[in-house]
Amino acid sequence: MSLNTLHVNVTPAYPIHIGPGLLRDESLLAPHLTGQVCAIVSNTTVAPLYLDTLRSTLEKLEKRVLPIVIPDGESFKTRSTFDHIHDVLLEARADRKTTLIALGGGVVGDLTGYAAATYLRGISLIQVPTTLLSQVDSSVGGKTGINHPLGKNMIGAFHQPQVVLIDTDTLSTLPSREYLAGLAEVIKYGLIRDIPFLEWIETHLEELLQRHPDELSHAILTSCRNKAEIVAVDPLEKSGVRALLNLGHTFGHAIETGMGYGVWLHGEAVAAGTILAAELSHRLGYLSNHDVDRIVTLFQRCSLPTRAPDLGLERWLSLMMGDKKNESGKLRLVLFEHMGQAKLTELSSQASLSRVLSPQTGRFIDA
Ligand code: NAD
Ligand code: GLY
């Protein structure tokens with residue numbers, strides 16, 4: 001496996017470097033560091049594994065490293081953890097040339113990104129994602145933020161990184177449940193816009209499940225290419241194109257918020273949410289039964305949940321009505337136009353949705 005580089009063509013454009021051993025490669029970091037101080041935000045799980053390696057690489061560049069280690073978990077993606085990052089930066093008198101480096105999964109990436117977007121009205125950010133999910137999705141595109149008790153990712157900002165460094169070696173320590181959750185977001189790209197990639201995943205799933213380096217590298221590269229293309233045409237999620245990345249997420253975010261942050265992993269909630277979106281698309285005439293079964297089979301092969309928990313119709317609707325995509329009180333969902341193509345849909349009636357979410361008629365909800 002060698003180094004691959006893609007570019008995200010926003011203003012200014014930035015590179016995504018993908019390959020093994022990148023945490024040790026100072027040449028990829030050096031062009032993006034302006035000041036003397038680099039604050040590395042990581043968590044209590046990832047820091048013992050990788051912080052010293054990254055610190056040594058930065059010290060070779062004669063940078064002063066300020067480590068900020070936060071507790072691990074979705075339940076810590078909160079205002080108080082966000083405040084803690086700012087507290088440490090202020091106490092260290094970190095100036096505007098400081099670079100914040102997110103070393104960890106999507107939780108660390110989103111929190112660090114939001115801290116970088118807001119500290120001194122915005123400082124440089126570098127994303128060093130260490131989960132499959134963060135390597136294929138959350139580290140690219142500049143969405144940052146924290147959760148609110150009333151809704152997932154409801155507070156945040158767009159803040160693009162200077163560079164995304166994807167060291168594929170870090171996936172060797174990722175627990176299996178987290179790895180499988182990341183596959184849900186890989187499959188998403190096939191479902192929303194890339195049917196050849198979906199077919200490739202179906203064919204090479206055994207190798208992906210065993211983390212074979214070549215297949216894994218191809219999956220990360222193709223996912224990042226899809227994400228970069230989408231972000232380049234709709235960086236601020238205004239035209240509806242970027243919203244397609246949210247296939248299954250309106251249902252998924254309702255599961256995460258409804259069950260309590262951290263009970264369901266984000267990728268697991270997205271998998272179950274995607275099945276609900278597929279079932280609704282079927283009821284509205286966009287997907288065949290065969291298409292829905294094909295998606296269920298693929299998620300089942302990944303040991304991902306294909307049934308959502310029964311939150312109760314009223315709670316489902318109340319959680320989904322809080323989604324960021326909604327406008328003027330109307331529920332907007334990402335559904336399928338056909339297999340391999342998603343579309344943003346404003347529901348004119350809630351009848352089909354209610355049937356999908358009802359324990360009596362929804363074939364995917366556990367009664
Ligand atoms: P996570 O950040 O909680 O990481 C999962 C677990 O893996 C954690 O316990 C973490 O400590 C551990 N871990 C991370 N790297 C490891 C490694 N290399 N070895 C061993 N353990 C490791 O979860 P995630 O799935 O990476 O990210 C989910 C978050 O990302 C959610 O909050 C979701 O909302 C967000 N997200 C954001 C975007 C975006 O565009 N910003 C997109 C998708 C998801
Ligand atoms: N993960 C959704 C987005 O980046 O838009």
# chains A, B, ... in the order shown; residues from 1 in each chain; ligands from 1
call {"tool": "residues_near_ligand", "arguments": {"ligand": "ligand 2", "cutoff": "6 Å", "atoms": "only C-alpha atoms and all ligand atoms", "output": "list in words"}}
result
Asp137, Ser138, Gly141, Lys143, Arg242, Leu245 and Asn246 of chain A
call {"tool": "residues_around", "arguments": {"residues": "Asp167 of chain A", "least_positions_apart": "2", "cutoff": "9 Å", "atoms": "only C-alpha atoms", "output": "ChimeraX atom specification"}}
result
/A:17-23,128-130,135,165,169-171
call {"tool": "write_last_selection", "arguments": {"atoms": "all heavy atoms", "output": "CSV table (one decimal), in the first residue's frame"}}
result
chain,number,residue,atom,x,y,z
A,17,HIS,N,-4.6,12.9,2.8
A,17,HIS,CA,-3.6,11.9,2.6
A,17,HIS,C,-4.0,10.6,3.2
A,17,HIS,O,-4.4,10.6,4.4
A,17,HIS,CB,-2.2,12.4,3.2
A,17,HIS,CG,-1.7,13.6,2.6
A,17,HIS,ND1,-1.4,13.8,1.3
A,17,HIS,CD2,-1.4,14.8,3.2
A,17,HIS,CE1,-0.9,15.0,1.1
A,17,HIS,NE2,-0.9,15.7,2.3
A,18,ILE,N,-3.9,9.5,2.5
A,18,ILE,CA,-4.3,8.2,3.0
A,18,ILE,C,-3.2,7.2,2.8
A,18,ILE,O,-2.7,7.1,1.6
A,18,ILE,CB,-5.5,7.7,2.2
A,18,ILE,CG1,-6.7,8.7,2.2
A,18,ILE,CG2,-6.0,6.4,2.7
A,18,ILE,CD1,-7.8,8.5,1.2
A,19,GLY,N,-2.8,6.5,3.8
A,19,GLY,CA,-1.7,5.5,3.7
A,19,GLY,C,-1.3,5.0,5.1
A,19,GLY,O,-1.7,5.6,6.1
A,20,PRO,N,-0.4,4.0,5.1
A,20,PRO,CA,0.1,3.6,6.4
A,20,PRO,C,1.3,4.4,6.9
A,20,PRO,O,2.0,5.1,6.1
A,20,PRO,CB,0.7,2.2,6.0
A,20,PRO,CG,1.0,2.3,4.5
A,20,PRO,CD,0.1,3.3,3.9
A,21,GLY,N,1.4,4.5,8.2
A,21,GLY,CA,2.6,5.1,8.8
A,21,GLY,C,2.6,6.7,8.7
A,21,GLY,O,3.6,7.3,9.0
A,22,LEU,N,1.4,7.3,8.4
A,22,LEU,CA,1.4,8.7,8.2
A,22,LEU,C,1.7,9.5,9.5
A,22,LEU,O,2.1,10.7,9.5
A,22,LEU,CB,0.1,9.2,7.6
A,22,LEU,CG,-0.3,8.6,6.2
A,22,LEU,CD1,-1.3,9.5,5.5
A,22,LEU,CD2,0.9,8.4,5.3
A,23,LEU,N,1.3,8.9,10.7
A,23,LEU,CA,1.6,9.6,11.9
A,23,LEU,C,3.0,10.0,12.1
A,23,LEU,O,3.4,10.9,12.9
A,23,LEU,CB,1.1,8.8,13.1
A,23,LEU,CG,-0.4,8.6,13.4
A,23,LEU,CD1,-0.7,7.8,14.6
A,23,LEU,CD2,-1.1,10.0,13.5
A,128,VAL,N,-6.8,14.2,12.2
A,128,VAL,CA,-6.1,12.9,12.1
A,128,VAL,C,-7.1,11.8,12.6
A,128,VAL,O,-7.0,11.4,13.8
A,128,VAL,CB,-4.8,13.0,13.0
A,128,VAL,CG1,-4.0,11.7,12.8
A,128,VAL,CG2,-3.9,14.2,12.6
A,129,PRO,N,-7.9,11.4,11.8
A,129,PRO,CA,-9.0,10.4,12.2
A,129,PRO,C,-8.4,9.0,12.4
A,129,PRO,O,-7.6,8.5,11.6
A,129,PRO,CB,-10.0,10.4,11.0
A,129,PRO,CG,-9.1,10.8,9.8
A,129,PRO,CD,-8.0,11.7,10.3
A,130,THR,N,-8.9,8.3,13.5
A,130,THR,CA,-8.4,7.0,13.8
A,130,THR,C,-9.5,5.9,13.8
A,130,THR,O,-9.1,4.8,14.2
A,130,THR,CB,-7.7,7.1,15.2
A,130,THR,OG1,-8.6,7.4,16.2
A,130,THR,CG2,-6.5,8.0,15.2
A,135,GLN,N,-12.5,8.2,9.3
A,135,GLN,CA,-11.6,8.3,8.1
A,135,GLN,C,-12.4,8.4,6.8
A,135,GLN,O,-12.0,9.0,5.8
A,135,GLN,CB,-10.7,7.1,8.0
A,135,GLN,CG,-9.8,7.0,9.2
A,135,GLN,CD,-8.7,5.9,9.2
A,135,GLN,OE1,-8.8,5.0,8.3
A,135,GLN,NE2,-7.8,5.9,10.1
A,165,LEU,N,-5.2,13.7,7.6
A,165,LEU,CA,-4.1,12.7,7.6
A,165,LEU,C,-4.7,11.4,8.0
A,165,LEU,O,-5.0,11.2,9.2
A,165,LEU,CB,-3.0,13.0,8.6
A,165,LEU,CG,-1.9,13.9,8.2
A,165,LEU,CD1,-0.8,13.9,9.3
A,165,LEU,CD2,-1.3,13.5,6.8
A,169,ASP,N,-2.8,2.5,9.4
A,169,ASP,CA,-2.3,1.6,10.5
A,169,ASP,C,-3.1,1.7,11.8
A,169,ASP,O,-3.2,0.7,12.6
A,169,ASP,CB,-0.8,1.9,10.8
A,169,ASP,CG,0.1,1.4,9.7
A,169,ASP,OD1,-0.3,0.6,8.9
A,169,ASP,OD2,1.3,1.9,9.7
A,170,THR,N,-3.7,2.9,12.0
A,170,THR,CA,-4.4,3.1,13.3
A,170,THR,C,-5.6,2.1,13.4
A,170,THR,O,-6.1,1.8,14.5
A,170,THR,CB,-4.9,4.5,13.5
A,170,THR,OG1,-5.7,4.9,12.4
A,170,THR,CG2,-3.7,5.5,13.6
A,171,LEU,N,-6.1,1.7,12.3
A,171,LEU,CA,-7.3,0.8,12.3
A,171,LEU,C,-7.0,-0.6,12.9
A,171,LEU,O,-7.9,-1.3,13.3
A,171,LEU,CB,-7.9,0.6,10.9
A,171,LEU,CG,-8.5,1.9,10.3
A,171,LEU,CD1,-9.1,1.7,8.9
A,171,LEU,CD2,-9.5,2.6,11.2
call {"tool": "residues_near_ligand", "arguments": {"ligand": "ligand 1", "cutoff": "8 Å", "atoms": "only C-alpha atoms and all ligand atoms", "output": "compact mmCIF listing (two decimals) with N, CA, C and O atoms, in the first residue's frame"}}
result
# COMPACT_ATOMS: atom_id res chain seq x y z
N ASN A 43 -8.47 11.43 23.17
CA ASN A 43 -9.23 10.97 24.33
C ASN A 43 -8.47 9.90 25.10
O ASN A 43 -7.37 9.49 24.70
N THR A 44 -9.07 9.43 26.20
CA THR A 44 -8.36 8.55 27.12
C THR A 44 -8.08 7.17 26.52
O THR A 44 -7.28 6.41 27.07
N THR A 45 -8.71 6.84 25.40
CA THR A 45 -8.43 5.57 24.72
C THR A 45 -7.37 5.73 23.65
O THR A 45 -6.44 4.92 23.52
N VAL A 46 -7.49 6.78 22.86
CA VAL A 46 -6.61 6.95 21.70
C VAL A 46 -5.26 7.55 22.10
O VAL A 46 -4.22 7.18 21.55
N LEU A 49 -2.45 5.23 22.83
CA LEU A 49 -2.04 4.44 21.65
C LEU A 49 -1.19 5.26 20.67
O LEU A 49 -0.22 4.76 20.11
N ASP A 72 -13.58 9.62 26.95
CA ASP A 72 -13.99 8.91 25.73
C ASP A 72 -15.49 8.70 25.70
O ASP A 72 -16.07 8.22 26.67
N GLY A 73 -16.12 9.02 24.59
CA GLY A 73 -17.52 8.61 24.40
C GLY A 73 -18.41 9.70 23.84
O GLY A 73 -18.17 10.90 24.06
N GLU A 74 -19.43 9.24 23.14
CA GLU A 74 -20.44 10.15 22.55
C GLU A 74 -21.11 10.99 23.65
O GLU A 74 -21.49 12.13 23.42
N LYS A 77 -19.65 14.41 24.13
CA LYS A 77 -19.64 15.39 23.01
C LYS A 77 -20.56 16.54 23.41
O LYS A 77 -21.63 16.76 22.83
N GLY A 104 -8.30 11.16 16.83
CA GLY A 104 -9.31 10.25 17.38
C GLY A 104 -10.42 10.01 16.39
O GLY A 104 -10.28 10.29 15.19
N GLY A 105 -11.55 9.53 16.91
CA GLY A 105 -12.71 9.26 16.06
C GLY A 105 -13.54 10.51 15.82
O GLY A 105 -13.09 11.64 16.06
N GLY A 106 -14.76 10.29 15.37
CA GLY A 106 -15.63 11.41 15.01
C GLY A 106 -15.99 12.31 16.18
O GLY A 106 -16.20 13.51 16.00
N VAL A 107 -16.05 11.74 17.39
CA VAL A 107 -16.40 12.57 18.54
C VAL A 107 -15.29 13.60 18.79
O VAL A 107 -15.54 14.80 18.91
N VAL A 108 -14.05 13.11 18.83
CA VAL A 108 -12.90 14.03 19.01
C VAL A 108 -12.83 15.01 17.85
O VAL A 108 -12.62 16.21 18.03
N GLY A 109 -13.05 14.52 16.63
CA GLY A 109 -12.96 15.38 15.45
C GLY A 109 -14.01 16.49 15.46
O GLY A 109 -13.69 17.65 15.18
N ASP A 110 -15.24 16.14 15.79
CA ASP A 110 -16.32 17.14 15.79
C ASP A 110 -16.11 18.18 16.90
O ASP A 110 -16.29 19.39 16.68
N PRO A 129 -7.94 11.35 11.76
CA PRO A 129 -8.99 10.41 12.19
C PRO A 129 -8.44 9.00 12.41
O PRO A 129 -7.61 8.53 11.64
N THR A 130 -8.94 8.33 13.46
CA THR A 130 -8.40 7.01 13.80
C THR A 130 -9.46 5.91 13.83
O THR A 130 -9.15 4.78 14.19
N THR A 131 -10.72 6.24 13.51
CA THR A 131 -11.73 5.18 13.34
C THR A 131 -12.07 5.10 11.86
O THR A 131 -11.86 6.06 11.11
N LEU A 132 -12.63 3.96 11.45
CA LEU A 132 -13.03 3.85 10.05
C LEU A 132 -14.08 4.91 9.72
O LEU A 132 -14.00 5.58 8.68
N LEU A 133 -15.03 5.10 10.63
CA LEU A 133 -16.09 6.08 10.37
C LEU A 133 -15.53 7.48 10.17
O LEU A 133 -15.90 8.20 9.24
N SER A 134 -14.59 7.86 11.02
CA SER A 134 -14.05 9.22 10.89
C SER A 134 -13.14 9.33 9.67
O SER A 134 -13.05 10.40 9.05
N ASP A 137 -15.64 9.62 6.61
CA ASP A 137 -16.75 10.57 6.62
C ASP A 137 -16.46 11.82 7.44
O ASP A 137 -16.22 12.91 6.89
N SER A 138 -16.43 11.69 8.78
CA SER A 138 -16.52 12.89 9.60
C SER A 138 -15.32 13.82 9.53
O SER A 138 -15.45 15.02 9.76
N SER A 139 -14.14 13.30 9.19
CA SER A 139 -12.95 14.17 9.16
C SER A 139 -12.91 15.05 7.91
O SER A 139 -12.16 16.02 7.86
N VAL A 140 -13.72 14.70 6.92
CA VAL A 140 -13.70 15.41 5.64
C VAL A 140 -14.94 16.30 5.53
O VAL A 140 -16.05 15.84 5.81
N GLY A 141 -14.76 17.55 5.18
CA GLY A 141 -15.93 18.36 4.85
C GLY A 141 -16.28 19.48 5.80
O GLY A 141 -17.15 20.29 5.50
N GLY A 142 -15.63 19.50 6.98
CA GLY A 142 -15.75 20.70 7.81
C GLY A 142 -16.97 20.82 8.69
O GLY A 142 -17.18 21.86 9.30
N LYS A 143 -17.77 19.75 8.81
CA LYS A 143 -18.87 19.86 9.77
C LYS A 143 -18.33 19.58 11.16
O LYS A 143 -17.67 18.54 11.38
N THR A 144 -18.56 20.49 12.09
CA THR A 144 -18.07 20.32 13.45
C THR A 144 -19.22 20.59 14.41
O THR A 144 -20.18 21.25 14.03
N GLY A 145 -19.12 20.11 15.64
CA GLY A 145 -20.20 20.43 16.56
C GLY A 145 -20.29 19.51 17.76
O GLY A 145 -19.46 18.62 17.96
N ILE A 146 -21.32 19.80 18.54
CA ILE A 146 -21.57 19.03 19.77
C ILE A 146 -23.06 18.66 19.82
O ILE A 146 -23.87 19.24 19.07
N ASN A 147 -23.39 17.71 20.68
CA ASN A 147 -24.79 17.33 20.86
C ASN A 147 -25.46 18.23 21.89
O ASN A 147 -24.80 18.84 22.74
N LYS A 152 -29.09 15.64 18.30
CA LYS A 152 -27.72 15.30 17.89
C LYS A 152 -27.11 16.41 17.05
O LYS A 152 -27.76 16.93 16.13
N ASN A 153 -25.87 16.79 17.34
CA ASN A 153 -25.11 17.74 16.50
C ASN A 153 -25.85 19.04 16.28
O ASN A 153 -25.73 19.65 15.21
N THR A 170 -3.70 2.87 12.03
CA THR A 170 -4.40 3.05 13.31
C THR A 170 -5.62 2.12 13.41
O THR A 170 -6.08 1.83 14.51
N LEU A 171 -6.11 1.65 12.26
CA LEU A 171 -7.31 0.79 12.31
C LEU A 171 -7.01 -0.57 12.92
O LEU A 171 -7.94 -1.30 13.29
N SER A 172 -5.73 -0.92 13.05
CA SER A 172 -5.39 -2.25 13.60
C SER A 172 -5.84 -2.38 15.06
O SER A 172 -6.03 -3.49 15.54
N THR A 173 -5.98 -1.27 15.78
CA THR A 173 -6.38 -1.36 17.20
C THR A 173 -7.87 -1.07 17.41
O THR A 173 -8.34 -1.05 18.54
N LEU A 174 -8.58 -0.81 16.32
CA LEU A 174 -10.00 -0.43 16.47
C LEU A 174 -10.85 -1.66 16.82
O LEU A 174 -10.79 -2.67 16.11
N PRO A 175 -11.66 -1.58 17.89
CA PRO A 175 -12.50 -2.73 18.24
C PRO A 175 -13.47 -3.08 17.11
O PRO A 175 -13.90 -2.20 16.35
N GLU A 178 -16.74 -1.10 16.54
CA GLU A 178 -16.53 0.24 15.97
C GLU A 178 -16.20 0.13 14.48
O GLU A 178 -16.63 0.96 13.68
N ALA A 181 -19.36 -0.51 12.58
CA ALA A 181 -20.18 0.72 12.51
C ALA A 181 -19.66 1.64 11.41
O ALA A 181 -20.44 2.30 10.70
N GLY A 182 -18.35 1.67 11.22
CA GLY A 182 -17.77 2.49 10.15
C GLY A 182 -18.17 1.99 8.78
O GLY A 182 -18.35 2.77 7.84
N GLU A 185 -21.14 3.63 7.05
CA GLU A 185 -20.97 4.89 6.30
C GLU A 185 -20.26 4.63 4.96
O GLU A 185 -20.47 5.36 4.00
N GLY A 262 -24.59 7.34 22.96
CA GLY A 262 -23.58 6.33 23.25
C GLY A 262 -24.15 4.93 23.38
O GLY A 262 -23.40 3.95 23.34
N LEU A 265 -24.15 2.97 18.68
CA LEU A 265 -23.08 3.68 17.96
C LEU A 265 -23.69 4.41 16.78
O LEU A 265 -24.70 3.96 16.21
N HIS A 266 -23.05 5.51 16.38
CA HIS A 266 -23.60 6.31 15.27
C HIS A 266 -23.83 5.45 14.02
O HIS A 266 -24.90 5.47 13.42
N GLY A 267 -22.83 4.64 13.66
CA GLY A 267 -22.94 3.81 12.45
C GLY A 267 -24.05 2.77 12.58
O GLY A 267 -24.71 2.42 11.59
call {"tool": "residues_around", "arguments": {"residues": "Gln300 of chain A", "least_positions_apart": "6", "cutoff": "10 Å", "atoms": "only C-alpha atoms", "output": "PyMOL selection string"}}
result
chain A and resi 271+294+306
call {"tool": "select_by_dssp", "arguments": {"residues": "segment 283-323 of chain A", "states": "alpha helix (DSSP H)", "output": "ChimeraX atom specification"}}
result
/A:283,289-301,313-321
call {"tool": "write_last_selection", "arguments": {"atoms": "C-alpha atoms", "output": "compact mmCIF listing (two decimals), in the first residue's frame"}}
result
# COMPACT_ATOMS: atom_id res chain seq x y z
CA ARG A 283 -43.91 2.16 0.35
CA ASN A 289 -38.92 -5.42 -2.24
CA HIS A 290 -35.81 -6.98 -3.76
CA ASP A 291 -33.88 -3.69 -3.35
CA VAL A 292 -34.86 -3.46 0.33
CA ASP A 293 -33.86 -7.09 0.91
CA ARG A 294 -30.52 -6.44 -0.81
CA ILE A 295 -29.72 -3.60 1.63
CA VAL A 296 -30.86 -5.64 4.64
CA THR A 297 -28.65 -8.56 3.52
CA LEU A 298 -25.59 -6.34 3.14
CA PHE A 299 -25.99 -4.82 6.62
CA GLN A 300 -26.67 -8.27 8.09
CA ARG A 301 -23.44 -9.57 6.54
CA LEU A 313 -44.67 6.75 17.13
CA GLU A 314 -45.11 10.02 19.02
CA ARG A 315 -41.51 10.05 20.25
CA TRP A 316 -40.17 9.11 16.80
CA LEU A 317 -42.03 11.96 15.16
CA SER A 318 -41.08 14.46 17.84
CA LEU A 319 -37.37 13.56 17.58
CA MET A 320 -37.44 13.59 13.77
CA MET A 321 -39.21 16.95 13.63
call {"tool": "residues_around", "arguments": {"residues": "Gly240 of chain A", "least_positions_apart": "4", "cutoff": "9 Å", "atoms": "only C-alpha atoms", "output": "ChimeraX atom specification"}}
result
/A:234,244,343-344
call {"tool": "write_last_selection", "arguments": {"atoms": "all heavy atoms", "output": "compact mmCIF listing (two decimals), in the first residue's frame"}}
result
# COMPACT_ATOMS: atom_id res chain seq x y z
N ASP A 234 -21.35 21.42 -2.70
CA ASP A 234 -22.31 21.98 -1.74
C ASP A 234 -21.69 22.06 -0.35
O ASP A 234 -22.13 21.39 0.59
CB ASP A 234 -23.57 21.08 -1.73
CG ASP A 234 -24.70 21.66 -0.89
OD1 ASP A 234 -24.64 22.86 -0.54
OD2 ASP A 234 -25.64 20.90 -0.58
N LEU A 244 -27.68 14.60 0.95
CA LEU A 244 -27.80 13.18 0.61
C LEU A 244 -26.91 12.30 1.48
O LEU A 244 -27.18 11.11 1.68
CB LEU A 244 -27.48 12.94 -0.88
CG LEU A 244 -28.34 13.72 -1.88
CD1 LEU A 244 -28.05 13.26 -3.29
CD2 LEU A 244 -29.83 13.61 -1.57
N LYS A 343 -32.34 10.93 -2.74
CA LYS A 343 -32.92 12.26 -3.01
C LYS A 343 -33.49 12.83 -1.72
O LYS A 343 -33.95 12.10 -0.85
CB LYS A 343 -33.99 12.17 -4.09
CG LYS A 343 -35.20 11.38 -3.66
CD LYS A 343 -36.32 11.55 -4.66
CE LYS A 343 -37.53 10.74 -4.22
NZ LYS A 343 -38.65 10.83 -5.08
N LEU A 344 -33.45 14.16 -1.63
CA LEU A 344 -34.02 14.85 -0.48
C LEU A 344 -35.51 15.04 -0.76
O LEU A 344 -35.89 15.57 -1.80
CB LEU A 344 -33.31 16.20 -0.30
CG LEU A 344 -33.68 17.02 0.93
CD1 LEU A 344 -33.41 16.25 2.22
CD2 LEU A 344 -32.89 18.33 0.95
call {"tool": "atom_distance", "arguments": {"atom1": "atom CA of Gly273 of chain A", "atom2": "atom CA of Phe336 of chain A"}}
result
12.8 Å
call {"tool": "residues_around", "arguments": {"residues": "segment 338-341 of chain A", "least_positions_apart": "5", "cutoff": "6 Å", "atoms": "only C-alpha atoms", "output": "PyMOL selection string"}}
result
chain A and resi 191-195+286-287
call {"tool": "write_last_selection", "arguments": {"atoms": "N, CA and C atoms", "output": "PDB file, in the first residue's frame"}}
result
ATOM      1  N   LEU A 191     -24.933   3.428  -1.730  1.00  0.00           N
ATOM      2  CA  LEU A 191     -26.388   3.549  -1.792  1.00  0.00           C
ATOM      3  C   LEU A 191     -26.849   4.899  -2.330  1.00  0.00           C
ATOM      4  N   ILE A 192     -26.116   5.967  -2.004  1.00  0.00           N
ATOM      5  CA  ILE A 192     -26.634   7.302  -2.377  1.00  0.00           C
ATOM      6  C   ILE A 192     -26.206   7.756  -3.764  1.00  0.00           C
ATOM      7  N   ARG A 193     -25.052   7.210  -4.299  1.00  0.00           N
ATOM      8  CA  ARG A 193     -24.594   7.781  -5.581  1.00  0.00           C
ATOM      9  C   ARG A 193     -23.602   6.934  -6.359  1.00  0.00           C
ATOM     10  N   ASP A 194     -23.250   5.733  -5.879  1.00  0.00           N
ATOM     11  CA  ASP A 194     -22.133   5.026  -6.507  1.00  0.00           C
ATOM     12  C   ASP A 194     -22.417   3.521  -6.560  1.00  0.00           C
ATOM     13  N   ILE A 195     -23.275   3.150  -7.497  1.00  0.00           N
ATOM     14  CA  ILE A 195     -23.693   1.740  -7.554  1.00  0.00           C
ATOM     15  C   ILE A 195     -22.516   0.802  -7.889  1.00  0.00           C
ATOM     16  N   TYR A 286     -40.494   3.807  -4.742  1.00  0.00           N
ATOM     17  CA  TYR A 286     -39.174   4.086  -5.335  1.00  0.00           C
ATOM     18  C   TYR A 286     -38.226   2.881  -5.305  1.00  0.00           C
ATOM     19  N   LEU A 287     -38.442   1.973  -4.374  1.00  0.00           N
ATOM     20  CA  LEU A 287     -37.572   0.785  -4.284  1.00  0.00           C
ATOM     21  C   LEU A 287     -38.455  -0.462  -4.342  1.00  0.00           C
TER      22      LEU A 287
END
call {"tool": "residues_around", "arguments": {"residues": "Ala13 of chain A", "least_positions_apart": "6", "cutoff": "10 Å", "atoms": "only C-alpha atoms", "output": "CSV table (one decimal) with N, CA and C atoms, in the first residue's frame"}}
result
chain,number,residue,atom,x,y,z
A,7,HIS,N,-7.9,15.8,-3.2
A,7,HIS,CA,-8.1,17.1,-2.7
A,7,HIS,C,-9.6,17.4,-2.6
A,160,GLN,N,-13.4,24.1,7.9
A,160,GLN,CA,-12.7,23.1,7.1
A,160,GLN,C,-11.3,23.0,7.7
A,161,PRO,N,-10.7,21.7,7.7
A,161,PRO,CA,-9.3,21.5,8.1
A,161,PRO,C,-8.3,22.0,7.1
A,162,GLN,N,-7.1,22.1,7.5
A,162,GLN,CA,-6.0,22.4,6.6
A,162,GLN,C,-5.6,21.2,5.8
A,163,VAL,N,-5.7,20.1,6.5
A,163,VAL,CA,-5.3,18.8,5.9
A,163,VAL,C,-6.0,17.7,6.7
A,232,ALA,N,-17.5,19.5,-2.4
A,232,ALA,CA,-17.0,20.6,-3.3
A,232,ALA,C,-18.2,21.3,-4.0
call {"tool": "select_by_dssp", "arguments": {"residues": "segment 116-189 of chain A", "states": "strand (DSSP E)", "output": "PyMOL selection string"}}
result
chain A and resi 124-129+143-148+151-158+163-167
call {"tool": "residues_around", "arguments": {"residues": "segment 93-103 of chain A", "least_positions_apart": "2", "cutoff": "6 Å", "atoms": "only C-alpha atoms", "output": "VMD selection string"}}
result
chain A and resid 35 37 to 42 89 to 91 109 112 123 to 129
call {"tool": "closest_residue", "arguments": {"among": "A:Leu183, A:Leu6, A:Ala117, A:Ala219", "to": "Gly156 of chain A", "atoms": "only C-alpha atoms"}}
result
A:Ala117
call {"tool": "decode", "arguments": {"residues": "segment 99-131 of chain A", "atoms": "C-alpha atoms", "output": "PDB file, in the first residue's frame"}}
result
ATOM      1  CA  THR A  99      -3.025  24.651  15.309  1.00  0.00           C
ATOM      2  CA  LEU A 100      -5.581  22.336  16.865  1.00  0.00           C
ATOM      3  CA  ILE A 101      -5.064  18.703  15.869  1.00  0.00           C
ATOM      4  CA  ALA A 102      -7.902  16.211  16.351  1.00  0.00           C
ATOM      5  CA  LEU A 103      -6.474  12.740  17.018  1.00  0.00           C
ATOM      6  CA  GLY A 104      -9.305  10.250  17.381  1.00  0.00           C
ATOM      7  CA  GLY A 105     -12.710   9.258  16.057  1.00  0.00           C
ATOM      8  CA  GLY A 106     -15.629  11.409  15.009  1.00  0.00           C
ATOM      9  CA  VAL A 107     -16.402  12.575  18.543  1.00  0.00           C
ATOM     10  CA  VAL A 108     -12.900  14.026  19.012  1.00  0.00           C
ATOM     11  CA  GLY A 109     -12.964  15.376  15.448  1.00  0.00           C
ATOM     12  CA  ASP A 110     -16.319  17.144  15.792  1.00  0.00           C
ATOM     13  CA  LEU A 111     -15.498  18.611  19.223  1.00  0.00           C
ATOM     14  CA  THR A 112     -12.000  19.740  18.235  1.00  0.00           C
ATOM     15  CA  GLY A 113     -13.257  21.188  14.981  1.00  0.00           C
ATOM     16  CA  TYR A 114     -15.878  23.245  16.785  1.00  0.00           C
ATOM     17  CA  ALA A 115     -13.297  24.406  19.337  1.00  0.00           C
ATOM     18  CA  ALA A 116     -11.015  25.467  16.442  1.00  0.00           C
ATOM     19  CA  ALA A 117     -13.903  27.244  14.693  1.00  0.00           C
ATOM     20  CA  THR A 118     -14.631  29.346  17.754  1.00  0.00           C
ATOM     21  CA  TYR A 119     -11.326  29.863  19.619  1.00  0.00           C
ATOM     22  CA  LEU A 120     -10.199  33.472  19.011  1.00  0.00           C
ATOM     23  CA  ARG A 121     -12.896  33.487  16.259  1.00  0.00           C
ATOM     24  CA  GLY A 122     -11.201  30.642  14.400  1.00  0.00           C
ATOM     25  CA  ILE A 123      -7.802  28.927  14.310  1.00  0.00           C
ATOM     26  CA  SER A 124      -6.241  26.240  12.117  1.00  0.00           C
ATOM     27  CA  LEU A 125      -7.440  22.670  12.358  1.00  0.00           C
ATOM     28  CA  ILE A 126      -5.880  19.380  11.279  1.00  0.00           C
ATOM     29  CA  GLN A 127      -7.904  16.184  11.302  1.00  0.00           C
ATOM     30  CA  VAL A 128      -6.102  12.920  12.129  1.00  0.00           C
ATOM     31  CA  PRO A 129      -8.986  10.408  12.190  1.00  0.00           C
ATOM     32  CA  THR A 130      -8.398   7.010  13.796  1.00  0.00           C
ATOM     33  CA  THR A 131     -11.730   5.178  13.343  1.00  0.00           C
TER      34      THR A 131
END
